[in-house]
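This is entry.csv. It holds CSV, N, CA, C and O atoms and all ligand atoms.
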chain,number,residue,atom,x,y,z
A,1,MET,N,67.6,-128.0,-70.1
A,1,MET,CA,68.0,-129.4,-69.9
A,1,MET,C,69.5,-129.5,-70.1
A,1,MET,O,70.1,-128.9,-71.0
A,2,ALA,N,70.1,-130.3,-69.2
A,2,ALA,CA,71.6,-130.5,-69.2
A,2,ALA,C,72.0,-131.4,-70.4
A,2,ALA,O,71.2,-132.0,-71.0
A,3,ASP,N,73.3,-131.4,-70.6
A,3,ASP,CA,73.9,-132.3,-71.6
A,3,ASP,C,73.7,-133.7,-71.2
A,3,ASP,O,73.4,-134.0,-70.0
A,4,TYR,N,73.9,-134.6,-72.1
A,4,TYR,CA,73.9,-136.1,-71.8
A,4,TYR,C,75.1,-136.4,-70.9
A,4,TYR,O,76.2,-135.9,-71.2
A,5,ILE,N,74.9,-137.2,-69.9
A,5,ILE,CA,75.9,-137.7,-69.0
A,5,ILE,C,76.0,-139.2,-69.1
A,5,ILE,O,75.0,-139.9,-69.1
A,6,ARG,N,77.2,-139.8,-69.3
A,6,ARG,CA,77.4,-141.2,-69.3
A,6,ARG,C,77.0,-141.8,-67.9
A,6,ARG,O,77.5,-141.3,-66.9
A,7,VAL,N,76.2,-142.8,-67.9
A,7,VAL,CA,75.7,-143.4,-66.6
A,7,VAL,C,76.1,-144.9,-66.5
A,7,VAL,O,76.2,-145.4,-65.4
A,8,ALA,N,76.4,-145.6,-67.6
A,8,ALA,CA,76.7,-147.0,-67.5
A,8,ALA,C,77.2,-147.5,-68.8
A,8,ALA,O,76.9,-146.9,-69.9
A,9,GLY,N,77.8,-148.6,-68.8
A,9,GLY,CA,78.1,-149.3,-70.1
A,9,GLY,C,76.8,-150.0,-70.5
A,9,GLY,O,76.0,-150.4,-69.7
A,10,ALA,N,76.7,-150.1,-71.9
A,10,ALA,CA,75.4,-150.6,-72.4
A,10,ALA,C,75.2,-152.1,-72.0
A,10,ALA,O,74.0,-152.5,-71.8
A,11,ASP,N,76.2,-152.8,-71.7
A,11,ASP,CA,76.1,-154.2,-71.2
A,11,ASP,C,75.8,-154.3,-69.7
A,11,ASP,O,75.7,-155.4,-69.2
A,12,GLU,N,75.8,-153.2,-69.0
A,12,GLU,CA,75.6,-153.3,-67.6
A,12,GLU,C,74.1,-153.4,-67.1
A,12,GLU,O,73.8,-153.6,-66.0
A,13,ILE,N,73.2,-153.0,-68.1
A,13,ILE,CA,71.8,-153.1,-67.8
A,13,ILE,C,71.2,-154.0,-68.8
A,13,ILE,O,70.7,-153.6,-69.9
A,14,PRO,N,71.1,-155.3,-68.5
A,14,PRO,CA,70.6,-156.3,-69.5
A,14,PRO,C,69.1,-156.1,-69.7
A,14,PRO,O,68.4,-155.5,-68.8
A,15,ALA,N,68.5,-156.6,-70.8
A,15,ALA,CA,67.1,-156.6,-71.1
A,15,ALA,C,66.3,-157.1,-69.9
A,15,ALA,O,66.7,-158.2,-69.3
A,16,GLY,N,65.2,-156.5,-69.5
A,16,GLY,CA,64.4,-156.9,-68.4
A,16,GLY,C,64.8,-156.5,-67.1
A,16,GLY,O,64.3,-156.9,-66.1
A,17,GLN,N,65.9,-155.6,-67.0
A,17,GLN,CA,66.4,-155.2,-65.7
A,17,GLN,C,66.5,-153.6,-65.7
A,17,GLN,O,66.4,-152.9,-66.7
A,18,GLY,N,66.6,-153.2,-64.4
A,18,GLY,CA,66.8,-151.7,-64.2
A,18,GLY,C,68.0,-151.5,-63.3
A,18,GLY,O,68.5,-152.5,-62.7
A,19,ARG,N,68.3,-150.2,-63.1
A,19,ARG,CA,69.4,-149.9,-62.2
A,19,ARG,C,69.3,-148.4,-61.8
A,19,ARG,O,68.8,-147.6,-62.6
A,20,THR,N,69.7,-148.1,-60.6
A,20,THR,CA,69.7,-146.7,-60.1
A,20,THR,C,71.1,-146.2,-60.4
A,20,THR,O,72.1,-146.8,-60.1
A,21,VAL,N,71.1,-145.0,-61.0
A,21,VAL,CA,72.3,-144.3,-61.3
A,21,VAL,C,72.2,-142.8,-60.8
A,21,VAL,O,71.1,-142.3,-60.5
A,22,GLU,N,73.4,-142.2,-60.6
A,22,GLU,CA,73.4,-140.9,-60.1
A,22,GLU,C,73.8,-140.0,-61.3
A,22,GLU,O,74.8,-140.2,-61.9
A,23,VAL,N,73.0,-138.9,-61.5
A,23,VAL,CA,73.3,-138.0,-62.6
A,23,VAL,C,73.2,-136.6,-62.0
A,23,VAL,O,72.1,-136.1,-61.7
A,24,GLN,N,74.3,-136.0,-61.9
A,24,GLN,CA,74.4,-134.6,-61.4
A,24,GLN,C,73.6,-134.4,-60.1
A,24,GLN,O,72.8,-133.5,-60.0
A,25,GLY,N,73.8,-135.3,-59.2
A,25,GLY,CA,73.1,-135.2,-57.9
A,25,GLY,C,71.7,-135.8,-57.8
A,25,GLY,O,71.1,-135.8,-56.7
A,26,LYS,N,71.2,-136.2,-58.9
A,26,LYS,CA,69.8,-136.8,-59.0
A,26,LYS,C,69.9,-138.3,-59.1
A,26,LYS,O,70.8,-138.8,-59.8
A,27,SER,N,69.0,-139.0,-58.4
A,27,SER,CA,68.9,-140.5,-58.6
A,27,SER,C,68.0,-140.8,-59.7
A,27,SER,O,66.8,-140.4,-59.6
A,28,ILE,N,68.5,-141.5,-60.7
A,28,ILE,CA,67.7,-141.8,-61.9
A,28,ILE,C,67.6,-143.3,-62.0
A,28,ILE,O,68.6,-144.0,-61.8
A,29,ALA,N,66.4,-143.8,-62.4
A,29,ALA,CA,66.3,-145.2,-62.6
A,29,ALA,C,66.3,-145.5,-64.1
A,29,ALA,O,65.5,-144.9,-64.9
A,30,VAL,N,67.2,-146.3,-64.6
A,30,VAL,CA,67.3,-146.6,-66.0
A,30,VAL,C,66.9,-148.1,-66.2
A,30,VAL,O,67.4,-149.0,-65.5
A,31,PHE,N,66.0,-148.3,-67.2
A,31,PHE,CA,65.5,-149.6,-67.5
A,31,PHE,C,65.8,-150.0,-68.9
A,31,PHE,O,65.7,-149.2,-69.8
A,32,ASN,N,66.0,-151.3,-69.1
A,32,ASN,CA,66.1,-151.9,-70.4
A,32,ASN,C,64.9,-152.8,-70.7
A,32,ASN,O,64.8,-153.9,-70.1
A,33,VAL,N,64.0,-152.3,-71.6
A,33,VAL,CA,62.8,-153.1,-72.0
A,33,VAL,C,63.1,-153.6,-73.4
A,33,VAL,O,62.9,-152.9,-74.4
A,34,ASP,N,63.5,-154.9,-73.4
A,34,ASP,CA,63.7,-155.5,-74.7
A,34,ASP,C,64.7,-154.7,-75.6
A,34,ASP,O,64.4,-154.6,-76.8
A,35,GLY,N,65.7,-154.1,-75.0
A,35,GLY,CA,66.7,-153.4,-75.8
A,35,GLY,C,66.4,-151.9,-75.9
A,35,GLY,O,67.2,-151.1,-76.4
A,36,ASN,N,65.2,-151.5,-75.5
A,36,ASN,CA,64.8,-150.1,-75.5
A,36,ASN,C,65.1,-149.5,-74.1
A,36,ASN,O,64.5,-150.0,-73.1
A,37,LEU,N,65.8,-148.4,-74.0
A,37,LEU,CA,66.1,-147.9,-72.7
A,37,LEU,C,65.1,-146.8,-72.3
A,37,LEU,O,64.6,-146.0,-73.2
A,38,HIS,N,64.9,-146.7,-71.0
A,38,HIS,CA,64.0,-145.7,-70.5
A,38,HIS,C,64.6,-145.2,-69.2
A,38,HIS,O,65.2,-145.9,-68.4
A,39,ALA,N,64.4,-143.9,-68.9
A,39,ALA,CA,64.9,-143.3,-67.6
A,39,ALA,C,63.8,-142.5,-67.0
A,39,ALA,O,63.2,-141.7,-67.6
A,40,ILE,N,63.6,-142.8,-65.7
A,40,ILE,CA,62.6,-142.0,-64.9
A,40,ILE,C,63.3,-141.7,-63.5
A,40,ILE,O,64.3,-142.2,-63.2
A,41,ASP,N,62.6,-140.8,-62.8
A,41,ASP,CA,63.1,-140.5,-61.4
A,41,ASP,C,63.1,-141.8,-60.6
A,41,ASP,O,62.2,-142.7,-60.7
A,42,ASP,N,64.2,-142.0,-59.9
A,42,ASP,CA,64.4,-143.2,-59.1
A,42,ASP,C,63.5,-143.2,-57.9
A,42,ASP,O,63.1,-144.2,-57.3
A,43,THR,N,63.1,-142.0,-57.4
A,43,THR,CA,62.4,-141.9,-56.1
A,43,THR,C,60.9,-142.0,-56.3
A,43,THR,O,60.3,-141.2,-56.9
A,44,CYS,N,60.4,-143.1,-55.7
A,44,CYS,CA,58.9,-143.4,-55.8
A,44,CYS,C,58.2,-142.2,-55.2
A,44,CYS,O,58.5,-141.7,-54.1
A,45,VAL,N,57.1,-141.8,-55.8
A,45,VAL,CA,56.3,-140.7,-55.3
A,45,VAL,C,55.4,-141.1,-54.1
A,45,VAL,O,54.8,-140.3,-53.4
A,46,HIS,N,55.4,-142.4,-53.8
A,46,HIS,CA,54.6,-142.8,-52.6
A,46,HIS,C,55.4,-142.5,-51.3
A,46,HIS,O,55.1,-141.5,-50.6
A,47,ARG,N,56.5,-143.2,-51.1
A,47,ARG,CA,57.3,-142.9,-49.9
A,47,ARG,C,58.8,-142.9,-50.1
A,47,ARG,O,59.6,-143.2,-49.2
A,48,GLY,N,59.2,-142.8,-51.4
A,48,GLY,CA,60.6,-142.6,-51.7
A,48,GLY,C,61.3,-143.9,-52.0
A,48,GLY,O,62.6,-143.9,-52.0
A,49,GLY,N,60.7,-145.0,-52.3
A,49,GLY,CA,61.4,-146.2,-52.6
A,49,GLY,C,62.2,-146.1,-53.9
A,49,GLY,O,61.9,-145.2,-54.7
A,50,PRO,N,63.2,-146.9,-54.0
A,50,PRO,CA,64.1,-146.9,-55.1
A,50,PRO,C,63.6,-147.7,-56.3
A,50,PRO,O,63.7,-148.9,-56.4
A,51,LEU,N,63.0,-147.0,-57.3
A,51,LEU,CA,62.3,-147.6,-58.4
A,51,LEU,C,63.3,-148.4,-59.2
A,51,LEU,O,63.0,-149.5,-59.8
A,52,GLY,N,64.6,-148.0,-59.3
A,52,GLY,CA,65.6,-148.7,-60.1
A,52,GLY,C,65.9,-150.1,-59.6
A,52,GLY,O,66.4,-150.9,-60.3
A,53,GLN,N,65.4,-150.4,-58.3
A,53,GLN,CA,65.6,-151.7,-57.8
A,53,GLN,C,64.3,-152.5,-57.8
A,53,GLN,O,64.3,-153.7,-57.3
A,54,GLY,N,63.3,-152.0,-58.5
A,54,GLY,CA,62.0,-152.7,-58.6
A,54,GLY,C,62.0,-153.8,-59.6
A,54,GLY,O,62.9,-153.8,-60.6
A,55,ALA,N,61.1,-154.7,-59.6
A,55,ALA,CA,61.0,-155.7,-60.6
A,55,ALA,C,60.3,-155.2,-61.8
A,55,ALA,O,59.3,-154.4,-61.7
A,56,LEU,N,60.9,-155.5,-63.0
A,56,LEU,CA,60.3,-155.0,-64.2
A,56,LEU,C,59.6,-156.1,-64.9
A,56,LEU,O,60.1,-157.2,-65.1
A,57,ASP,N,58.3,-155.8,-65.4
A,57,ASP,CA,57.5,-156.7,-66.1
A,57,ASP,C,57.0,-156.0,-67.4
A,57,ASP,O,56.2,-155.2,-67.3
A,58,GLY,N,57.7,-156.3,-68.5
A,58,GLY,CA,57.4,-155.5,-69.7
A,58,GLY,C,57.9,-154.1,-69.4
A,58,GLY,O,59.1,-153.9,-69.1
A,59,ASN,N,57.0,-153.1,-69.6
A,59,ASN,CA,57.4,-151.7,-69.4
A,59,ASN,C,56.9,-151.2,-68.1
A,59,ASN,O,56.9,-150.0,-67.8
A,60,ILE,N,56.5,-152.1,-67.2
A,60,ILE,CA,56.0,-151.7,-65.9
A,60,ILE,C,56.9,-152.1,-64.8
A,60,ILE,O,57.3,-153.3,-64.7
A,61,VAL,N,57.3,-151.2,-63.9
A,61,VAL,CA,58.2,-151.5,-62.8
A,61,VAL,C,57.3,-151.4,-61.5
A,61,VAL,O,56.5,-150.5,-61.4
A,62,SER,N,57.6,-152.3,-60.6
A,62,SER,CA,56.9,-152.3,-59.3
A,62,SER,C,57.9,-151.8,-58.3
A,62,SER,O,59.0,-152.4,-58.1
A,63,CYS,N,57.5,-150.8,-57.5
A,63,CYS,CA,58.3,-150.3,-56.5
A,63,CYS,C,58.7,-151.4,-55.5
A,63,CYS,O,57.8,-152.1,-55.0
A,64,PRO,N,59.9,-151.5,-55.1
A,64,PRO,CA,60.3,-152.6,-54.1
A,64,PRO,C,59.7,-152.4,-52.7
A,64,PRO,O,59.7,-153.4,-51.9
A,65,TRP,N,59.2,-151.3,-52.4
A,65,TRP,CA,58.8,-151.0,-51.0
A,65,TRP,C,57.3,-151.4,-50.8
A,65,TRP,O,57.0,-152.2,-49.9
A,66,HIS,N,56.4,-150.9,-51.6
A,66,HIS,CA,55.0,-151.2,-51.4
A,66,HIS,C,54.3,-151.5,-52.7
A,66,HIS,O,53.0,-151.5,-52.8
A,67,SER,N,55.1,-151.8,-53.8
A,67,SER,CA,54.5,-152.4,-55.1
A,67,SER,C,53.7,-151.4,-55.9
A,67,SER,O,52.9,-151.9,-56.7
A,68,TRP,N,53.8,-150.1,-55.7
A,68,TRP,CA,53.1,-149.2,-56.6
A,68,TRP,C,53.8,-149.4,-58.0
A,68,TRP,O,55.0,-149.7,-58.1
A,69,ARG,N,53.0,-149.4,-59.0
A,69,ARG,CA,53.4,-149.7,-60.4
A,69,ARG,C,53.5,-148.5,-61.3
A,69,ARG,O,52.6,-147.6,-61.2
A,70,PHE,N,54.6,-148.4,-62.1
A,70,PHE,CA,54.8,-147.3,-62.9
A,70,PHE,C,55.2,-147.7,-64.3
A,70,PHE,O,55.9,-148.7,-64.5
A,71,ASP,N,54.7,-147.0,-65.3
A,71,ASP,CA,55.1,-147.2,-66.7
A,71,ASP,C,56.5,-146.5,-66.9
A,71,ASP,O,56.6,-145.3,-66.8
A,72,VAL,N,57.5,-147.3,-67.2
A,72,VAL,CA,58.9,-146.7,-67.3
A,72,VAL,C,59.0,-145.8,-68.6
A,72,VAL,O,59.9,-145.0,-68.7
A,73,GLY,N,58.1,-146.0,-69.5
A,73,GLY,CA,58.1,-145.2,-70.8
A,73,GLY,C,57.5,-143.8,-70.6
A,73,GLY,O,57.9,-142.9,-71.3
A,74,THR,N,56.5,-143.7,-69.7
A,74,THR,CA,55.8,-142.4,-69.6
A,74,THR,C,55.9,-141.8,-68.2
A,74,THR,O,55.6,-140.6,-68.0
A,75,GLY,N,56.3,-142.6,-67.2
A,75,GLY,CA,56.3,-142.1,-65.8
A,75,GLY,C,55.0,-142.2,-65.2
A,75,GLY,O,54.9,-141.9,-64.0
A,76,ALA,N,53.9,-142.7,-65.9
A,76,ALA,CA,52.6,-142.7,-65.3
A,76,ALA,C,52.6,-143.8,-64.2
A,76,ALA,O,53.2,-144.8,-64.3
A,77,CYS,N,51.8,-143.4,-63.2
A,77,CYS,CA,51.6,-144.4,-62.0
A,77,CYS,C,50.3,-145.1,-62.2
A,77,CYS,O,49.2,-144.5,-62.3
A,78,LEU,N,50.4,-146.4,-62.3
A,78,LEU,CA,49.1,-147.2,-62.6
A,78,LEU,C,48.4,-147.4,-61.3
A,78,LEU,O,47.2,-147.6,-61.3
A,79,THR,N,49.1,-147.3,-60.1
A,79,THR,CA,48.4,-147.5,-58.8
A,79,THR,C,47.6,-146.3,-58.4
A,79,THR,O,46.5,-146.4,-57.9
A,80,ASN,N,48.2,-145.1,-58.7
A,80,ASN,CA,47.5,-143.9,-58.3
A,80,ASN,C,47.7,-142.9,-59.5
A,80,ASN,O,48.7,-142.2,-59.7
A,81,PRO,N,46.7,-142.9,-60.4
A,81,PRO,CA,46.8,-142.1,-61.7
A,81,PRO,C,46.9,-140.6,-61.4
A,81,PRO,O,47.2,-139.9,-62.4
A,82,ARG,N,46.7,-140.1,-60.2
A,82,ARG,CA,46.9,-138.7,-60.0
A,82,ARG,C,48.3,-138.2,-59.9
A,82,ARG,O,48.6,-137.0,-59.8
A,83,VAL,N,49.3,-139.2,-59.8
A,83,VAL,CA,50.7,-138.8,-59.7
A,83,VAL,C,51.5,-139.5,-60.8
A,83,VAL,O,51.0,-140.5,-61.4
A,84,GLN,N,52.7,-139.1,-60.9
A,84,GLN,CA,53.6,-139.7,-61.9
A,84,GLN,C,55.0,-139.3,-61.5
A,84,GLN,O,55.3,-138.4,-60.7
A,85,VAL,N,56.0,-140.0,-62.1
A,85,VAL,CA,57.4,-139.6,-62.0
A,85,VAL,C,57.9,-139.0,-63.3
A,85,VAL,O,57.3,-139.3,-64.4
A,86,GLU,N,58.9,-138.2,-63.2
A,86,GLU,CA,59.5,-137.6,-64.4
A,86,GLU,C,60.2,-138.6,-65.3
A,86,GLU,O,60.9,-139.5,-64.8
A,87,CYS,N,60.2,-138.3,-66.6
A,87,CYS,CA,61.0,-139.1,-67.5
A,87,CYS,C,62.1,-138.3,-68.1
A,87,CYS,O,62.0,-137.1,-68.1
A,88,TYR,N,63.2,-138.9,-68.5
A,88,TYR,CA,64.4,-138.2,-69.0
A,88,TYR,C,64.8,-138.9,-70.3
A,88,TYR,O,64.7,-140.1,-70.5
A,89,PRO,N,65.4,-138.1,-71.2
A,89,PRO,CA,66.0,-138.6,-72.4
A,89,PRO,C,67.1,-139.6,-72.1
A,89,PRO,O,68.0,-139.2,-71.2
A,90,VAL,N,67.2,-140.7,-72.8
A,90,VAL,CA,68.3,-141.6,-72.6
A,90,VAL,C,68.6,-142.2,-73.9
A,90,VAL,O,67.8,-142.4,-74.8
A,91,LYS,N,69.9,-142.5,-74.1
A,91,LYS,CA,70.3,-143.1,-75.4
A,91,LYS,C,71.6,-143.9,-75.2
A,91,LYS,O,72.3,-143.8,-74.2
A,92,ILE,N,71.8,-144.8,-76.2
A,92,ILE,CA,73.0,-145.6,-76.3
A,92,ILE,C,73.9,-144.9,-77.4
A,92,ILE,O,73.4,-144.7,-78.5
A,93,GLU,N,75.1,-144.6,-77.0
A,93,GLU,CA,76.0,-144.1,-78.0
A,93,GLU,C,77.3,-144.9,-77.8
A,93,GLU,O,77.9,-144.9,-76.7
A,94,GLY,N,77.8,-145.5,-78.9
A,94,GLY,CA,78.9,-146.4,-78.8
A,94,GLY,C,78.6,-147.5,-77.9
A,94,GLY,O,77.5,-148.2,-78.1
A,95,SER,N,79.3,-147.8,-76.8
A,95,SER,CA,79.0,-148.9,-75.9
A,95,SER,C,78.6,-148.4,-74.6
A,95,SER,O,78.7,-149.1,-73.6
A,96,ASP,N,78.0,-147.2,-74.6
A,96,ASP,CA,77.7,-146.5,-73.3
A,96,ASP,C,76.2,-146.0,-73.3
A,96,ASP,O,75.7,-145.7,-74.3
A,97,ILE,N,75.6,-145.9,-72.1
A,97,ILE,CA,74.3,-145.4,-71.9
A,97,ILE,C,74.5,-144.0,-71.4
A,97,ILE,O,75.2,-143.7,-70.4
A,98,TRP,N,73.7,-143.0,-72.0
A,98,TRP,CA,73.8,-141.6,-71.6
A,98,TRP,C,72.4,-141.1,-71.2
A,98,TRP,O,71.4,-141.5,-71.9
A,99,VAL,N,72.3,-140.3,-70.2
A,99,VAL,CA,71.0,-139.7,-69.7
A,99,VAL,C,71.2,-138.2,-69.7
A,99,VAL,O,72.2,-137.7,-69.3
A,100,SER,N,70.1,-137.5,-70.0
A,100,SER,CA,70.0,-136.1,-69.9
A,100,SER,C,69.0,-135.7,-68.9
A,100,SER,O,67.8,-136.2,-69.0
A,101,CYS,N,69.3,-134.9,-67.9
A,101,CYS,CA,68.3,-134.5,-66.9
A,101,CYS,C,68.6,-133.1,-66.3
A,101,CYS,O,69.6,-132.6,-66.6
A,201,LIG,S1,57.6,-146.2,-51.6
A,201,LIG,FE1,57.1,-146.9,-53.5
A,201,LIG,S2,55.2,-148.0,-53.3
A,201,LIG,FE2,55.7,-147.1,-51.3
Go through the file and emit its structure as structure tokens.
Ligand code: FES
Amino acid sequence: MADYIRVAGADEIPAGQGRTVEVQGKSIAVFNVDGNLHAIDDTCVHRGGPLGQGALDGNIVSCPWHSWRFDVGTGACLTNPRVQVECYPVKIEGSDIWVSC
């Protein structure tokens, strides 16, 4: 696993929102669930929709393309339990958000 990479300022992803960031050539979706950060693959396993742009309801994000739902804490897909997306370590250090992938 690679070192942590700074992806955003801590104030750039408010509670209840997500964002797509690029980390070493990968698209990662970072979410703020009531102050707790989570990072998963941005690319939806259905047809590649950008999960970082999906609507967040608690810890569940809905893909903006066809509404498949994913748990941002585990990567589990609620719509199709046979698939999931990868999760990555994420942390706040100082005033910045860091992801390792
Ligand atoms: S691409 Fe995400 S639900 Fe279809």
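Our summary of the geometry notes that CA of Leu56 (chain A) is positioned 23.1 Å from atom O of Gly94 (chain A).
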**Q.** Backbone DSSP call of strand (DSSP E or B) for chain A, listed as a ChimeraX atom specification
**A.** /A:5-9,17-23,26-33,36-41,43,50,55-57,60-62,69-71,76-77,84,87-88,90-93,96-99
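Among the candidates A:Ser62, A:Tyr88, A:Gln17, A:Asp3, the one nearest to Gly75 (chain A) when counting only N, CA, C and O atoms is A:Tyr88.
The two atoms in question, CA of Ile13 (chain A) and CA of Gly25 (chain A), are spaced 20.5 Å apart.
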Q: Report as a PyMOL selection string which protein, DNA and RNA residues come within 4.5 Å of ligand LIG 201 (chain A), using only N, CA, C and O atoms and all ligand atoms.
A: chain A and resi 46-49+66-68
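As for atom C of Glu22 (chain A) and atom C of Arg6 (chain A), they are spaced 7.6 Å apart.
If you measure from each of A:Gln24, A:Val61, A:Asn80, A:Val90 to Asn36 (chain A) using only N, CA, C and O atoms, the closest one turns out to be A:Val90.
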(Q) Can you pull out the residues contacting Gly16 (chain A)? Cut-off 7 Å, using all atoms listed in the file, and skip same-chain residues under 2 positions away; I want them as a PyMOL selection string. (A) chain A and resi 13-14+18+31-35+54-58
The selected residues should be written to file as an mmCIF file, in the frame of the given file (atoms: N, CA, C and O atoms).
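Below is the file out13.cif, written as the result:
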data_model
loop_
_atom_site.group_PDB
_atom_site.id
_atom_site.type_symbol
_atom_site.label_atom_id
_atom_site.label_comp_id
_atom_site.auth_asym_id
_atom_site.auth_seq_id
_atom_site.Cartn_x
_atom_site.Cartn_y
_atom_site.Cartn_z
ATOM 1 N N ILE A 13 73.200 -153.000 -68.100
ATOM 2 C CA ILE A 13 71.800 -153.100 -67.800
ATOM 3 C C ILE A 13 71.200 -154.000 -68.800
ATOM 4 O O ILE A 13 70.700 -153.600 -69.900
ATOM 5 N N PRO A 14 71.100 -155.300 -68.500
ATOM 6 C CA PRO A 14 70.600 -156.300 -69.500
ATOM 7 C C PRO A 14 69.100 -156.100 -69.700
ATOM 8 O O PRO A 14 68.400 -155.500 -68.800
ATOM 9 N N GLY A 18 66.600 -153.200 -64.400
ATOM 10 C CA GLY A 18 66.800 -151.700 -64.200
ATOM 11 C C GLY A 18 68.000 -151.500 -63.300
ATOM 12 O O GLY A 18 68.500 -152.500 -62.700
ATOM 13 N N PHE A 31 66.000 -148.300 -67.200
ATOM 14 C CA PHE A 31 65.500 -149.600 -67.500
ATOM 15 C C PHE A 31 65.800 -150.000 -68.900
ATOM 16 O O PHE A 31 65.700 -149.200 -69.800
ATOM 17 N N ASN A 32 66.000 -151.300 -69.100
ATOM 18 C CA ASN A 32 66.100 -151.900 -70.400
ATOM 19 C C ASN A 32 64.900 -152.800 -70.700
ATOM 20 O O ASN A 32 64.800 -153.900 -70.100
ATOM 21 N N VAL A 33 64.000 -152.300 -71.600
ATOM 22 C CA VAL A 33 62.800 -153.100 -72.000
ATOM 23 C C VAL A 33 63.100 -153.600 -73.400
ATOM 24 O O VAL A 33 62.900 -152.900 -74.400
ATOM 25 N N ASP A 34 63.500 -154.900 -73.400
ATOM 26 C CA ASP A 34 63.700 -155.500 -74.700
ATOM 27 C C ASP A 34 64.700 -154.700 -75.600
ATOM 28 O O ASP A 34 64.400 -154.600 -76.800
ATOM 29 N N GLY A 35 65.700 -154.100 -75.000
ATOM 30 C CA GLY A 35 66.700 -153.400 -75.800
ATOM 31 C C GLY A 35 66.400 -151.900 -75.900
ATOM 32 O O GLY A 35 67.200 -151.100 -76.400
ATOM 33 N N GLY A 54 63.300 -152.000 -58.500
ATOM 34 C CA GLY A 54 62.000 -152.700 -58.600
ATOM 35 C C GLY A 54 62.000 -153.800 -59.600
ATOM 36 O O GLY A 54 62.900 -153.800 -60.600
ATOM 37 N N ALA A 55 61.100 -154.700 -59.600
ATOM 38 C CA ALA A 55 61.000 -155.700 -60.600
ATOM 39 C C ALA A 55 60.300 -155.200 -61.800
ATOM 40 O O ALA A 55 59.300 -154.400 -61.700
ATOM 41 N N LEU A 56 60.900 -155.500 -63.000
ATOM 42 C CA LEU A 56 60.300 -155.000 -64.200
ATOM 43 C C LEU A 56 59.600 -156.100 -64.900
ATOM 44 O O LEU A 56 60.100 -157.200 -65.100
ATOM 45 N N ASP A 57 58.300 -155.800 -65.400
ATOM 46 C CA ASP A 57 57.500 -156.700 -66.100
ATOM 47 C C ASP A 57 57.000 -156.000 -67.400
ATOM 48 O O ASP A 57 56.200 -155.200 -67.300
ATOM 49 N N GLY A 58 57.700 -156.300 -68.500
ATOM 50 C CA GLY A 58 57.400 -155.500 -69.700
ATOM 51 C C GLY A 58 57.900 -154.100 -69.400
ATOM 52 O O GLY A 58 59.100 -153.900 -69.100
#
Q | Distance query Asp96 (chain A) at most 4.5 Å, all atoms listed in the file, self and fewer than 5 positions along chain excluded, as an NGL selection string | A | :A and (8-10 or 91)
Determine which residues of chain A DSSP labels as helix (DSSP H, G or I) from the backbone of this structure, then write them out as a PDB file with N, CA, C and O atoms, in the coordinates of the input.
ATOM      1  N   ALA A  10      76.700-150.100 -71.900  1.00  0.00           N
ATOM      2  CA  ALA A  10      75.400-150.600 -72.400  1.00  0.00           C
ATOM      3  C   ALA A  10      75.200-152.100 -72.000  1.00  0.00           C
ATOM      4  O   ALA A  10      74.000-152.500 -71.800  1.00  0.00           O
ATOM      5  N   ASP A  11      76.200-152.800 -71.700  1.00  0.00           N
ATOM      6  CA  ASP A  11      76.100-154.200 -71.200  1.00  0.00           C
ATOM      7  C   ASP A  11      75.800-154.300 -69.700  1.00  0.00           C
ATOM      8  O   ASP A  11      75.700-155.400 -69.200  1.00  0.00           O
ATOM      9  N   GLU A  12      75.800-153.200 -69.000  1.00  0.00           N
ATOM     10  CA  GLU A  12      75.600-153.300 -67.600  1.00  0.00           C
ATOM     11  C   GLU A  12      74.100-153.400 -67.100  1.00  0.00           C
ATOM     12  O   GLU A  12      73.800-153.600 -66.000  1.00  0.00           O
ATOM     13  N   LEU A  51      63.000-147.000 -57.300  1.00  0.00           N
ATOM     14  CA  LEU A  51      62.300-147.600 -58.400  1.00  0.00           C
ATOM     15  C   LEU A  51      63.300-148.400 -59.200  1.00  0.00           C
ATOM     16  O   LEU A  51      63.000-149.500 -59.800  1.00  0.00           O
ATOM     17  N   GLY A  52      64.600-148.000 -59.300  1.00  0.00           N
ATOM     18  CA  GLY A  52      65.600-148.700 -60.100  1.00  0.00           C
ATOM     19  C   GLY A  52      65.900-150.100 -59.600  1.00  0.00           C
ATOM     20  O   GLY A  52      66.400-150.900 -60.300  1.00  0.00           O
ATOM     21  N   GLN A  53      65.400-150.400 -58.300  1.00  0.00           N
ATOM     22  CA  GLN A  53      65.600-151.700 -57.800  1.00  0.00           C
ATOM     23  C   GLN A  53      64.300-152.500 -57.800  1.00  0.00           C
ATOM     24  O   GLN A  53      64.300-153.700 -57.300  1.00  0.00           O
TER      25      GLN A  53
END
